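S.K.: Got a file for you: protein-v1.cif, mmCIF, C-alpha atoms.
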data_entry
loop_
_atom_site.label_atom_id
_atom_site.label_comp_id
_atom_site.auth_asym_id
_atom_site.auth_seq_id
_atom_site.Cartn_x
_atom_site.Cartn_y
_atom_site.Cartn_z
CA MET A 1 -119.19 13.00 92.64
CA LYS A 2 -122.22 10.77 93.01
CA VAL A 3 -124.38 11.17 96.08
CA THR A 4 -126.83 8.44 96.96
CA LYS A 5 -129.52 8.74 99.57
CA LEU A 6 -130.29 5.32 101.01
CA LEU A 7 -134.02 5.38 101.52
CA SER A 8 -135.30 3.56 104.59
CA VAL A 9 -138.86 4.85 104.83
CA CYS A 10 -142.03 3.87 103.05
CA PHE A 11 -143.11 6.10 100.15
CA LEU A 12 -146.50 6.98 98.77
CA SER A 13 -146.34 6.48 94.99
CA LEU A 14 -148.25 9.20 93.19
CA THR A 15 -150.29 8.15 90.19
CA PRO A 16 -148.30 8.68 86.97
CA GLY A 17 -149.85 10.97 84.40
CA LEU A 18 -151.05 13.68 86.81
CA PHE A 19 -148.40 16.24 85.85
CA PRO A 20 -148.27 18.94 83.14
CA VAL A 21 -147.08 17.79 79.74
CA ALA A 22 -143.52 18.61 78.63
CA PHE A 23 -143.65 20.93 75.62
CA ALA A 24 -141.14 22.71 73.37
CA GLN A 25 -140.86 24.91 70.31
CA GLN A 26 -140.60 23.34 66.85
CA GLY A 27 -137.73 20.86 66.67
CA GLN A 28 -136.36 21.62 70.15
CA PRO A 29 -135.35 18.76 72.50
CA VAL A 30 -138.00 17.91 75.11
CA ALA A 31 -138.30 15.27 77.85
CA GLY A 32 -135.33 13.24 76.58
CA TYR A 33 -136.34 13.48 72.91
CA GLN A 34 -134.12 14.98 70.24
CA LEU A 35 -134.69 15.72 66.54
CA LEU A 36 -131.88 13.79 64.84
CA THR A 37 -132.44 14.61 61.19
CA THR A 38 -134.99 15.36 58.50
CA ILE A 39 -135.00 12.99 55.54
CA PRO A 40 -135.75 14.78 52.23
CA ILE A 41 -138.56 13.30 50.13
CA PRO A 42 -139.35 14.19 46.48
CA ASP A 43 -141.63 17.25 46.55
CA ALA A 44 -141.15 17.31 50.36
CA LEU A 45 -144.56 15.61 50.85
CA ALA A 46 -146.26 18.86 49.80
CA GLY A 47 -149.00 16.85 48.08
CA GLY A 48 -149.89 14.90 51.21
CA PHE A 49 -149.41 11.42 52.63
CA ASP A 50 -151.27 8.86 54.69
CA ILE A 51 -150.34 5.83 56.77
CA SER A 52 -146.73 4.86 57.59
CA TRP A 53 -145.24 1.61 58.84
CA VAL A 54 -141.93 0.58 60.45
CA GLU A 55 -140.71 -3.00 60.16
CA SER A 56 -138.00 -3.15 62.84
CA ALA A 57 -136.88 -6.64 61.81
CA ASP A 58 -135.89 -5.30 58.38
CA ALA A 59 -134.92 -1.76 59.47
CA ARG A 60 -137.42 -0.31 57.00
CA TYR A 61 -139.90 2.56 57.12
CA TYR A 62 -142.68 2.68 54.52
CA LEU A 63 -144.78 5.78 53.86
CA ALA A 64 -147.91 6.08 51.71
CA ASP A 65 -146.94 9.20 49.73
CA ARG A 66 -149.81 10.68 47.70
CA GLY A 67 -147.54 12.63 45.36
CA ASN A 68 -148.32 16.05 43.88
CA ALA A 69 -149.92 16.48 40.47
CA THR A 70 -149.74 20.30 40.60
CA VAL A 71 -145.97 20.59 40.23
CA SER A 72 -143.90 20.30 37.06
CA PRO A 73 -142.99 17.60 36.42
CA PRO A 74 -145.82 15.94 38.41
CA VAL A 75 -144.86 13.67 41.31
CA GLY A 76 -147.03 10.55 41.28
CA PRO A 77 -148.27 8.52 44.25
CA ALA A 78 -145.67 6.18 45.67
CA ILE A 79 -144.38 4.27 48.65
CA ASP A 80 -141.30 5.94 50.11
CA VAL A 81 -138.84 3.40 51.52
CA ILE A 82 -136.37 4.51 54.21
CA ASP A 83 -133.58 2.57 55.92
CA THR A 84 -134.19 3.12 59.66
CA SER A 85 -130.63 2.21 60.57
CA THR A 86 -129.07 4.91 58.36
CA ASP A 87 -132.03 7.30 58.03
CA GLN A 88 -131.63 7.37 54.26
CA LEU A 89 -134.29 7.28 51.53
CA LEU A 90 -133.65 4.06 49.59
CA THR A 91 -136.25 4.22 46.85
CA THR A 92 -139.79 5.19 45.91
CA ILE A 93 -142.20 2.56 44.58
CA PRO A 94 -144.55 4.14 42.00
CA LEU A 95 -148.28 3.44 42.31
CA ILE A 96 -151.15 3.67 39.82
CA SER A 97 -153.53 5.23 42.34
CA GLY A 98 -153.41 7.19 45.58
CA SER A 99 -152.02 5.30 48.55
CA ASN A 100 -153.73 4.99 51.92
CA GLY A 101 -153.16 2.08 54.32
CA ILE A 102 -149.94 0.09 54.39
CA LEU A 103 -148.45 -2.85 56.27
CA SER A 104 -145.40 -5.08 56.06
CA ILE A 105 -145.23 -8.89 56.33
CA PRO A 106 -141.49 -9.49 56.75
CA ARG A 107 -141.49 -13.30 56.68
CA ALA A 108 -143.28 -13.21 53.34
CA HIS A 109 -141.03 -10.38 52.08
CA GLU A 110 -144.12 -8.37 51.24
CA ILE A 111 -145.66 -4.94 51.73
CA TRP A 112 -149.40 -4.47 51.22
CA VAL A 113 -150.83 -1.12 50.16
CA GLY A 114 -154.47 0.02 50.03
CA LEU A 115 -155.17 2.21 46.99
CA SER A 116 -157.85 4.78 46.18
CA ASN A 117 -159.26 2.59 43.38
CA SER A 118 -160.45 0.00 45.94
CA THR A 119 -157.60 -2.40 45.30
CA VAL A 120 -154.83 -3.76 47.50
CA THR A 121 -151.43 -4.07 45.84
CA VAL A 122 -148.70 -6.41 47.06
CA PHE A 123 -144.98 -5.75 46.47
CA ASN A 124 -141.91 -7.93 46.97
CA THR A 125 -139.57 -6.21 49.46
CA ASP A 126 -136.49 -7.89 47.97
CA ASN A 127 -136.74 -5.98 44.69
CA TYR A 128 -139.95 -3.90 45.16
CA ALA A 129 -141.55 -5.61 42.17
CA LEU A 130 -145.35 -5.79 41.98
CA LYS A 131 -146.62 -9.26 42.92
CA THR A 132 -150.38 -8.95 42.64
CA VAL A 133 -153.40 -6.64 42.68
CA ILE A 134 -156.46 -7.64 44.71
CA SER A 135 -159.84 -5.93 44.30
CA THR A 136 -161.92 -5.50 47.45
CA GLY A 137 -165.04 -5.12 45.31
CA GLY A 138 -165.78 -1.59 46.45
CA THR A 139 -166.01 1.70 44.58
CA MET A 140 -163.98 3.84 46.99
CA ARG A 141 -160.56 3.58 48.61
CA ALA A 142 -159.09 0.54 50.35
CA ASP A 143 -157.63 2.01 53.51
CA GLU A 144 -156.00 0.80 56.72
CA MET A 145 -155.01 -2.82 57.37
CA ALA A 146 -153.95 -5.32 60.03
CA TYR A 147 -152.42 -8.81 59.73
CA ASP A 148 -153.22 -12.05 61.55
CA PRO A 149 -150.05 -14.17 61.15
CA ALA A 150 -151.63 -17.24 62.76
CA ASP A 151 -154.28 -17.58 60.05
CA GLN A 152 -152.40 -15.50 57.45
CA ILE A 153 -155.34 -13.13 57.02
CA ILE A 154 -155.20 -9.44 56.19
CA LEU A 155 -158.09 -7.23 57.29
CA VAL A 156 -158.59 -4.15 55.13
CA ALA A 157 -161.25 -1.44 55.51
CA ASN A 158 -163.23 0.33 52.79
CA ASP A 159 -164.24 3.23 54.99
CA ARG A 160 -165.94 5.42 52.36
CA ASP A 161 -168.15 2.92 50.56
CA THR A 162 -171.89 2.74 51.24
CA PRO A 163 -172.15 0.85 53.49
CA PRO A 164 -168.56 0.84 54.77
CA PHE A 165 -167.11 -2.67 54.91
CA ILE A 166 -164.05 -4.71 55.77
CA SER A 167 -162.53 -7.52 53.71
CA PHE A 168 -160.65 -10.56 54.96
CA ILE A 169 -157.93 -11.48 52.46
CA SER A 170 -155.91 -14.69 52.46
CA ARG A 171 -152.19 -14.00 52.21
CA GLN A 172 -151.64 -17.47 50.79
CA THR A 173 -154.18 -17.32 47.95
CA GLN A 174 -154.22 -13.50 47.79
CA SER A 175 -157.97 -13.53 47.39
CA VAL A 176 -160.91 -12.17 49.40
CA LEU A 177 -162.28 -14.74 51.85
CA LYS A 178 -165.15 -12.74 53.29
CA LYS A 179 -166.69 -9.27 53.25
CA LEU A 180 -168.37 -7.80 56.34
CA ASN A 181 -170.70 -4.80 55.94
CA PHE A 182 -170.99 -2.36 58.85
CA ASP A 183 -174.68 -1.78 58.13
CA GLY A 184 -176.38 -2.74 61.37
CA VAL A 185 -177.14 -6.26 60.12
CA ALA A 186 -173.94 -8.28 59.89
CA ALA A 187 -171.97 -5.77 61.99
CA PRO A 188 -172.71 -2.53 63.90
CA ASN A 189 -174.15 0.31 61.85
CA THR A 190 -171.33 2.82 61.46
CA THR A 191 -172.19 6.47 60.96
CA GLY A 192 -168.57 7.64 60.88
CA GLY A 193 -166.64 5.27 58.67
CA ILE A 194 -164.01 2.72 59.74
CA GLU A 195 -160.54 3.52 61.02
CA GLN A 196 -157.32 1.81 62.24
CA SER A 197 -157.32 -1.91 63.00
CA VAL A 198 -154.83 -3.99 64.99
CA TRP A 199 -154.11 -7.66 65.58
CA ASP A 200 -153.80 -8.87 69.18
CA PRO A 201 -151.55 -11.98 69.22
CA THR A 202 -152.40 -12.73 72.85
CA ASN A 203 -156.16 -12.74 72.38
CA GLN A 204 -156.03 -13.93 68.74
CA ARG A 205 -158.49 -11.25 67.67
CA PHE A 206 -158.65 -8.21 65.44
CA TYR A 207 -159.72 -4.90 66.99
CA ILE A 208 -160.91 -1.94 64.94
CA SER A 209 -161.84 1.68 65.66
CA ILE A 210 -165.29 2.83 64.63
CA PRO A 211 -165.63 6.63 65.07
CA ALA A 212 -169.43 6.53 65.57
CA THR A 213 -172.31 4.04 65.37
CA THR A 214 -176.04 4.30 65.90
CA ALA A 215 -175.63 2.41 69.19
CA ASN A 216 -172.56 4.37 70.33
CA PRO A 217 -172.47 7.92 68.92
CA ASN A 218 -169.11 8.62 70.63
CA GLY A 219 -167.61 5.61 68.88
CA GLU A 220 -166.57 2.07 69.74
CA ILE A 221 -163.87 -0.56 69.38
CA ASP A 222 -165.08 -3.77 67.75
CA GLU A 223 -163.50 -7.16 68.40
CA ILE A 224 -163.49 -9.48 65.38
CA ASP A 225 -162.96 -13.25 65.27
CA PRO A 226 -160.79 -14.25 62.25
CA GLN A 227 -162.34 -17.72 62.24
CA SER A 228 -166.01 -16.78 62.12
CA PHE A 229 -165.45 -13.37 60.47
CA LYS A 230 -167.87 -11.85 63.00
CA VAL A 231 -167.86 -9.03 65.54
CA THR A 232 -167.76 -10.77 68.93
CA ARG A 233 -167.68 -7.75 71.28
CA SER A 234 -168.08 -3.97 71.06
CA PHE A 235 -166.48 -1.59 73.57
CA PRO A 236 -168.08 1.88 73.72
CA THR A 237 -165.51 4.66 73.99
CA VAL A 238 -165.65 7.54 76.44
CA CYS A 239 -163.66 9.86 74.19
CA LYS A 240 -165.29 10.95 70.95
CA GLY A 241 -164.42 9.71 67.48
CA PRO A 242 -161.65 7.08 67.91
CA ALA A 243 -159.53 6.74 64.76
CA GLY A 244 -156.01 5.46 65.50
CA LEU A 245 -155.76 2.27 67.57
CA VAL A 246 -152.95 0.17 69.08
CA VAL A 247 -152.69 -2.79 71.46
CA THR A 248 -149.88 -2.89 74.02
CA THR A 249 -148.02 -5.84 75.52
CA SER A 250 -149.92 -5.16 78.76
CA GLN A 251 -153.16 -5.98 76.92
CA ARG A 252 -154.40 -2.42 76.74
CA LEU A 253 -156.10 -0.91 73.71
CA VAL A 254 -155.26 2.77 73.22
CA THR A 255 -157.34 5.01 70.95
CA SER A 256 -156.26 8.20 69.22
CA CYS A 257 -158.82 10.23 71.18
CA GLY A 258 -157.23 9.06 74.43
CA ASP A 259 -159.11 6.08 75.86
CA ILE A 260 -157.01 3.32 77.45
CA VAL A 261 -159.10 0.14 77.42
CA ASP A 262 -158.59 -3.19 79.19
CA VAL A 263 -158.83 -5.94 76.54
CA ALA A 264 -160.17 -8.59 78.92
CA THR A 265 -163.14 -6.57 80.17
CA GLY A 266 -163.57 -3.82 77.61
CA THR A 267 -163.47 -1.29 80.45
CA VAL A 268 -162.11 2.21 79.82
CA LEU A 269 -159.38 2.53 82.47
CA SER A 270 -158.58 6.19 81.78
CA THR A 271 -158.79 8.86 79.11
CA VAL A 272 -155.65 10.80 78.23
CA ALA A 273 -156.48 14.46 77.74
CA GLY A 274 -155.52 16.52 74.71
CA VAL A 275 -154.24 13.79 72.37
CA ALA A 276 -155.27 13.18 68.76
CA GLY A 277 -154.18 11.48 65.56
CA ASP A 278 -155.24 9.58 62.50
CA GLU A 279 -152.53 6.95 62.94
CA ILE A 280 -151.01 6.13 66.33
CA TRP A 281 -148.13 3.74 67.03
CA TYR A 282 -147.13 1.58 70.01
CA ASN A 283 -143.38 1.15 70.44
CA PRO A 284 -142.54 -1.88 72.63
CA GLY A 285 -138.93 -0.66 72.71
CA ASP A 286 -139.80 2.14 75.14
CA GLN A 287 -143.39 1.11 76.01
CA ARG A 288 -144.87 4.38 74.79
CA VAL A 289 -147.64 5.30 72.37
CA TYR A 290 -147.02 8.02 69.77
CA PHE A 291 -149.99 10.00 68.47
CA GLY A 292 -149.67 11.03 64.82
CA SER A 293 -151.16 14.47 65.34
CA GLY A 294 -151.88 16.67 68.29
CA THR A 295 -155.10 18.68 68.25
CA ASP A 296 -152.99 21.43 66.65
CA ARG A 297 -151.92 19.11 63.74
CA ILE A 298 -148.26 20.11 64.22
CA SER A 299 -147.21 17.94 67.16
CA VAL A 300 -146.81 14.34 68.30
CA ASN A 301 -148.07 13.44 71.78
CA VAL A 302 -146.16 10.78 73.74
CA VAL A 303 -147.97 8.64 76.34
CA ASP A 304 -146.32 6.23 78.77
CA VAL A 305 -148.09 2.84 78.74
CA SER A 306 -145.49 0.79 80.62
CA PRO A 307 -146.85 -1.88 83.03
CA GLY A 308 -148.45 -0.37 86.12
CA VAL A 309 -148.95 3.05 84.54
CA ILE A 310 -152.46 4.28 83.76
CA ALA A 311 -151.82 7.69 82.20
CA THR A 312 -154.23 10.61 82.13
CA THR A 313 -151.91 13.12 80.45
CA ALA A 314 -149.19 12.93 77.82
CA LEU A 315 -145.61 12.55 79.00
CA ALA A 316 -144.27 14.87 76.28
CA THR A 317 -145.25 16.72 73.12
CA LEU A 318 -142.84 16.81 70.18
CA VAL A 319 -143.44 19.91 68.03
CA VAL A 320 -142.76 18.74 64.48
CA GLY A 321 -144.35 21.45 62.30
CA GLN A 322 -145.86 24.89 62.19
CA ILE A 323 -148.96 26.62 60.84
CA LEU A 324 -148.02 29.07 58.06
CA THR A 325 -149.97 31.88 56.42
CA ALA A 326 -151.41 31.05 52.97
CA PRO A 327 -150.30 30.65 50.25
CA ALA A 328 -147.46 28.96 52.11
CA VAL A 329 -148.12 25.27 52.92
CA SER A 330 -148.51 24.64 56.64
CA GLN A 331 -146.23 21.97 58.07
CA THR A 332 -148.63 19.38 59.50
CA THR A 333 -148.75 15.66 60.24
CA HIS A 334 -151.21 12.88 61.04
CA SER A 335 -148.96 9.84 60.75
CA VAL A 336 -146.21 8.30 62.89
CA ALA A 337 -144.26 5.04 63.28
CA ALA A 338 -141.37 3.96 65.51
CA ASP A 339 -138.47 1.51 65.24
CA SER A 340 -138.39 -0.58 68.42
CA ALA A 341 -134.76 -1.57 67.82
CA ASN A 342 -133.31 1.95 68.12
CA ASN A 343 -136.31 3.88 69.55
CA GLN A 344 -136.34 6.30 66.63
CA ILE A 345 -139.66 7.92 65.79
CA PHE A 346 -140.46 8.71 62.15
CA VAL A 347 -142.84 11.61 61.53
CA PRO A 348 -143.79 12.69 57.98
CA VAL A 349 -144.43 16.45 57.81
CA THR A 350 -146.16 18.20 54.90
CA GLY A 351 -143.78 20.46 53.00
CA VAL A 352 -140.77 19.23 55.00
CA GLY A 353 -140.03 15.49 54.66
CA VAL A 354 -139.71 12.79 57.30
CA GLU A 355 -138.45 13.97 60.68
CA VAL A 356 -136.53 11.45 62.78
CA TRP A 357 -136.74 11.85 66.55
CA ARG A 358 -134.98 9.72 69.16
CA ASN A 359 -136.07 8.79 72.62
CA GLY A 360 -132.67 8.54 74.26
CA ALA A 361 -133.77 7.99 77.86
CA SER A 362 -134.39 4.70 79.67
CA LEU A 363 -134.95 3.66 83.27
CA THR A 364 -134.98 -0.03 84.16
CA ALA A 365 -134.79 -2.32 87.19
CA PHE A 366 -133.37 -5.79 87.64
CA PRO A 367 -134.99 -7.84 88.93
CA ASN A 368 -138.47 -6.56 88.17
CA PRO A 369 -140.64 -8.01 89.52
CA ILE A 370 -138.58 -8.59 92.67
CA PRO A 371 -139.00 -12.16 94.00
CA VAL A 372 -139.97 -12.26 97.68
CA THR A 373 -141.08 -15.05 99.99
CA GLY A 374 -143.70 -15.46 102.67
CA THR A 375 -145.12 -12.27 104.10
CA THR A 376 -142.24 -10.08 102.89
CA THR A 377 -143.59 -6.80 101.50
CA LEU A 378 -140.31 -5.04 100.62
CA GLY A 379 -137.49 -5.94 98.24
CA THR A 380 -134.15 -4.93 96.72
CA THR A 381 -133.39 -4.22 93.06
CA THR A 382 -130.82 -2.44 90.90
CA ILE A 383 -131.93 0.71 89.06
CA THR A 384 -130.17 1.45 85.75
CA TRP A 385 -130.53 4.67 83.75
CA ASN A 386 -129.37 6.04 80.41
CA ALA A 387 -130.08 9.61 79.29
CA PRO A 388 -127.76 10.51 76.40
CA ASN A 389 -129.54 13.82 75.73
CA ALA A 390 -128.92 15.05 79.31
CA SER A 391 -125.69 15.85 81.19
CA TYR A 392 -126.80 15.30 84.79
CA ILE A 393 -129.74 13.37 86.21
CA GLU A 394 -131.48 12.61 89.47
CA VAL A 395 -133.71 9.62 90.26
CA HIS A 396 -136.64 10.35 92.57
CA VAL A 397 -139.32 8.16 94.12
CA GLY A 398 -143.06 8.74 94.07
CA SER A 399 -143.04 11.92 91.97
CA PRO A 400 -140.61 14.12 90.00
CA SER A 401 -139.78 16.00 93.21
CA GLY A 402 -140.20 13.12 95.66
CA PRO A 403 -137.42 11.67 97.84
CA GLU A 404 -134.13 11.46 95.96
CA PHE A 405 -132.65 8.03 95.37
CA THR A 406 -129.49 9.14 93.58
CA HIS A 407 -127.95 11.76 91.35
CA TRP A 408 -125.13 11.28 88.88
CA ASP A 409 -124.20 11.79 85.22
CA ASN A 410 -126.35 10.55 82.35
CA ARG A 411 -125.55 6.83 82.58
CA GLY A 412 -125.19 4.51 85.53
CA SER A 413 -126.79 2.04 87.94
CA MET A 414 -127.34 1.75 91.70
CA GLN A 415 -128.75 -0.90 93.99
CA THR A 416 -131.55 0.04 96.33
CA GLY A 417 -131.81 -1.10 99.92
CA PRO A 418 -134.55 -3.53 101.03
CA TRP A 419 -137.20 -0.81 100.95
CA VAL A 420 -138.86 -1.14 97.54
CA SER A 421 -142.60 -1.78 97.82
CA ASP A 422 -144.95 -3.21 95.20
CA GLY A 423 -145.93 -0.55 92.66
CA MET A 424 -143.24 1.93 93.69
CA THR A 425 -142.58 4.47 90.92
CA PHE A 426 -139.15 5.91 90.07
CA TYR A 427 -138.68 9.13 88.08
CA LEU A 428 -135.61 9.90 85.96
CA GLN A 429 -135.16 13.70 86.03
CA ASP A 430 -132.98 15.89 83.80
CA VAL A 431 -131.31 18.39 86.15
CA THR A 432 -128.75 19.68 83.64
CA GLY A 433 -127.98 23.34 84.33
CA GLY A 434 -130.24 23.39 87.37
CA LYS A 435 -133.48 22.33 85.66
CA PRO A 436 -136.31 22.11 88.20
CA LEU A 437 -137.82 18.85 89.44
CA THR A 438 -140.97 19.05 87.35
CA ALA A 439 -142.83 16.76 84.95
CA ALA A 440 -141.49 18.84 82.06
CA ASN A 441 -138.02 17.47 82.88
CA THR A 442 -139.04 13.84 83.48
CA LEU A 443 -137.11 11.67 81.02
CA ALA A 444 -138.58 8.29 81.97
CA THR A 445 -140.60 6.57 84.68
CA LEU A 446 -140.35 3.07 86.09
CA VAL A 447 -142.83 1.02 88.14
CA VAL A 448 -141.31 -1.81 90.19
CA HIS A 449 -143.37 -4.77 91.40
CA LEU A 450 -142.90 -7.61 93.90
CA GLN A 451 -143.70 -11.26 93.13
CA THR A 452 -144.30 -13.70 95.97
CA HIS A 453 -142.91 -17.22 95.58
#
Can I see the file as structure tokens?
M.R.:
Amino acid sequence: MKVTKLLSVCFLSLTPGLFPVAFAQQGQPVAGYQLLTTIPIPDALAGGFDISWVESADARYYLADRGNATVSPPVGPAIDVIDTSTDQLLTTIPLISGSNGILSIPRAHEIWVGLSNSTVTVFNTDNYALKTVISTGGTMRADEMAYDPADQIILVANDRDTPPFISFISRQTQSVLKKLNFDGVAAPNTTGGIEQSVWDPTNQRFYISIPATTANPNGEIDEIDPQSFKVTRSFPTVCKGPAGLVVTTSQRLVTSCGDIVDVATGTVLSTVAGVAGDEIWYNPGDQRVYFGSGTDRISVNVVDVSPGVIATTALATLVVGQILTAPAVSQTTHSVAADSANNQIFVPVTGVGVEVWRNGASLTAFPNPIPVTGTTTLGTTTITWNAPNASYIEVHVGSPSGPEFTHWDNRGSMQTGPWVSDGMTFYLQDVTGGKPLTAANTLATLVVHLQTH
């Protein structure tokens, strides 16, 4: 039987992210996450891999698989293509050189792949036929990429050339428009290569992680104008050596070393402790960032970046691999991508294949923000929860063990009274089998706001 406590007092909302991270053994469910399946890949990725990409609109996952020349018969470099709706390997696209960065352009029916021979190859996603090969003019690998759909420009980094540089490639003509050297003249002088780039559709700018420069030894995020092909701003990072980079719908840049940066000001709002990764991925489906490698190389950190939340710790850690004694191959990762349509997280693991995890928990409010008039400072909303990986839940206010709003089974909704204040935080807790009210059992959080009309 459901018991609801109608709250009639004012609550102090504790800052999210101040609680210990939820952690588990390899493959075990944690904080609402469950390992659904492991997709077998030829040679089980024992030869390594690099960047991965999910195109939710097409239900496709693409992985830059480096192959393995030491086995018999040899497994060559390829792009592994997985259907994210069925979790099945569809095909592998053979490559002539090692694969690094990858991105999908669904409206053009194309995937772009950066190869170790300093070329970018373009494939048709209808039949996976090769469309063109574009040289970046370097001598080392073409690596990670981002796409500006407004100007139809792809930015690709040659991180290991001397000096490192980025190329701007026209999708329409499939030719290089401009090259920008990070040599201290045309752009900042990088002393640590060039890492993940992203396109911000709100600000109409590229952003790119630079692990270290002469001006900022800890690293920086550079803002790049696709019209002038110039760096327009540089944001020094507090954390050291940013590699992975994402931009959220709340206009926050998140780096793999943990900085959360406000796009408008370039200010570091907080630094999430203990996270790491080569590639990181923002999933708008659950408003969380997934870090492609913990500091232990065998885990994926999960950070809540929903509106109103400024995290300082990870919400959960998914243990996806294990360190093994040589000559056995340790099961490690540094890559991750998520499907926003079904909230499945795809994690390639060396010597294993691609693990598929699901975030099955959600906590929402309608309306949010709550419309109020005049000097009204409190409002009413309906809280809805879904936690398919739990049996019983409780919803608390202010903290995991704060005042209880309701408890019930794993799916339901309940209207509040007129006591919800701006910025109030709700916590969805898994209490199955008497689990304690701790951050380790928090399945989801929700911040509710008021909007005066």
S.K.: Counting all atoms listed in the file, what is within 7 Å of segment 329-346 of chain A, bar same-chain residues fewer than 6 positions away, as number ranges by chain?
M.R.: A: 50-54, 56, 277-281, 283-286, 290-293, 297-298, 321-323, 352, 354-359
S.K.: Tell me, as a PyMOL selection string, which residues lie within 7 Å of Ala273 of chain A, counting only C-alpha atoms; anything in the same chain fewer than 3 positions away does not count.
M.R.: chain A and resi 258+312-313
S.K.: I'd like to see the residues matched by the PyMOL selection byres ((chain A and resi 391) around 8) on this file, and ideally I'd get them as number ranges by chain.
M.R.: A: 387-390, 392-393, 409-410, 430-432
S.K.: Run the PyMOL selection byres ((chain A and resi 97-106) around 9) against the file shown and list the residues it catches, as a PDB file with C-alpha atoms, in the coordinates of the input.
M.R.:
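Saved to out35.pdb:
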ATOM      1  CA  PHE A  49    -149.410  11.420  52.630  1.00  0.00           C
ATOM      2  CA  ASP A  50    -151.270   8.860  54.690  1.00  0.00           C
ATOM      3  CA  ILE A  51    -150.340   5.830  56.770  1.00  0.00           C
ATOM      4  CA  SER A  52    -146.730   4.860  57.590  1.00  0.00           C
ATOM      5  CA  TRP A  53    -145.240   1.610  58.840  1.00  0.00           C
ATOM      6  CA  VAL A  54    -141.930   0.580  60.450  1.00  0.00           C
ATOM      7  CA  GLU A  55    -140.710  -3.000  60.160  1.00  0.00           C
ATOM      8  CA  ALA A  57    -136.880  -6.640  61.810  1.00  0.00           C
ATOM      9  CA  ASP A  58    -135.890  -5.300  58.380  1.00  0.00           C
ATOM     10  CA  TYR A  62    -142.680   2.680  54.520  1.00  0.00           C
ATOM     11  CA  LEU A  63    -144.780   5.780  53.860  1.00  0.00           C
ATOM     12  CA  ALA A  64    -147.910   6.080  51.710  1.00  0.00           C
ATOM     13  CA  ASP A  65    -146.940   9.200  49.730  1.00  0.00           C
ATOM     14  CA  ARG A  66    -149.810  10.680  47.700  1.00  0.00           C
ATOM     15  CA  GLY A  67    -147.540  12.630  45.360  1.00  0.00           C
ATOM     16  CA  GLY A  76    -147.030  10.550  41.280  1.00  0.00           C
ATOM     17  CA  PRO A  77    -148.270   8.520  44.250  1.00  0.00           C
ATOM     18  CA  ALA A  78    -145.670   6.180  45.670  1.00  0.00           C
ATOM     19  CA  ILE A  79    -144.380   4.270  48.650  1.00  0.00           C
ATOM     20  CA  LEU A  95    -148.280   3.440  42.310  1.00  0.00           C
ATOM     21  CA  ILE A  96    -151.150   3.670  39.820  1.00  0.00           C
ATOM     22  CA  ARG A 107    -141.490 -13.300  56.680  1.00  0.00           C
ATOM     23  CA  ALA A 108    -143.280 -13.210  53.340  1.00  0.00           C
ATOM     24  CA  HIS A 109    -141.030 -10.380  52.080  1.00  0.00           C
ATOM     25  CA  GLU A 110    -144.120  -8.370  51.240  1.00  0.00           C
ATOM     26  CA  ILE A 111    -145.660  -4.940  51.730  1.00  0.00           C
ATOM     27  CA  TRP A 112    -149.400  -4.470  51.220  1.00  0.00           C
ATOM     28  CA  VAL A 113    -150.830  -1.120  50.160  1.00  0.00           C
ATOM     29  CA  GLY A 114    -154.470   0.020  50.030  1.00  0.00           C
ATOM     30  CA  LEU A 115    -155.170   2.210  46.990  1.00  0.00           C
ATOM     31  CA  SER A 116    -157.850   4.780  46.180  1.00  0.00           C
ATOM     32  CA  ASN A 117    -159.260   2.590  43.380  1.00  0.00           C
ATOM     33  CA  THR A 125    -139.570  -6.210  49.460  1.00  0.00           C
ATOM     34  CA  ARG A 141    -160.560   3.580  48.610  1.00  0.00           C
ATOM     35  CA  ALA A 142    -159.090   0.540  50.350  1.00  0.00           C
ATOM     36  CA  ASP A 143    -157.630   2.010  53.510  1.00  0.00           C
ATOM     37  CA  GLU A 144    -156.000   0.800  56.720  1.00  0.00           C
ATOM     38  CA  MET A 145    -155.010  -2.820  57.370  1.00  0.00           C
ATOM     39  CA  ALA A 146    -153.950  -5.320  60.030  1.00  0.00           C
ATOM     40  CA  TYR A 147    -152.420  -8.810  59.730  1.00  0.00           C
ATOM     41  CA  PRO A 149    -150.050 -14.170  61.150  1.00  0.00           C
ATOM     42  CA  VAL A 156    -158.590  -4.150  55.130  1.00  0.00           C
ATOM     43  CA  ALA A 157    -161.250  -1.440  55.510  1.00  0.00           C
ATOM     44  CA  GLN A 196    -157.320   1.810  62.240  1.00  0.00           C
TER      45      GLN A 196
END
S.K.: How many Å lie between atom CA of Val272 of chain A and atom CA of Ser250 of chain A, rounded to one decimal?
M.R.: 17.0 Å
S.K.: For segment 381-386 of chain A, work out the shell of residues within 12 Å, counting all atoms listed in the file and skipping chain neighbours fewer than 5 positions away, then give it as a PyMOL selection string.
M.R.: chain A and resi 32+359-372+391-397+405-422+424-430+443-450
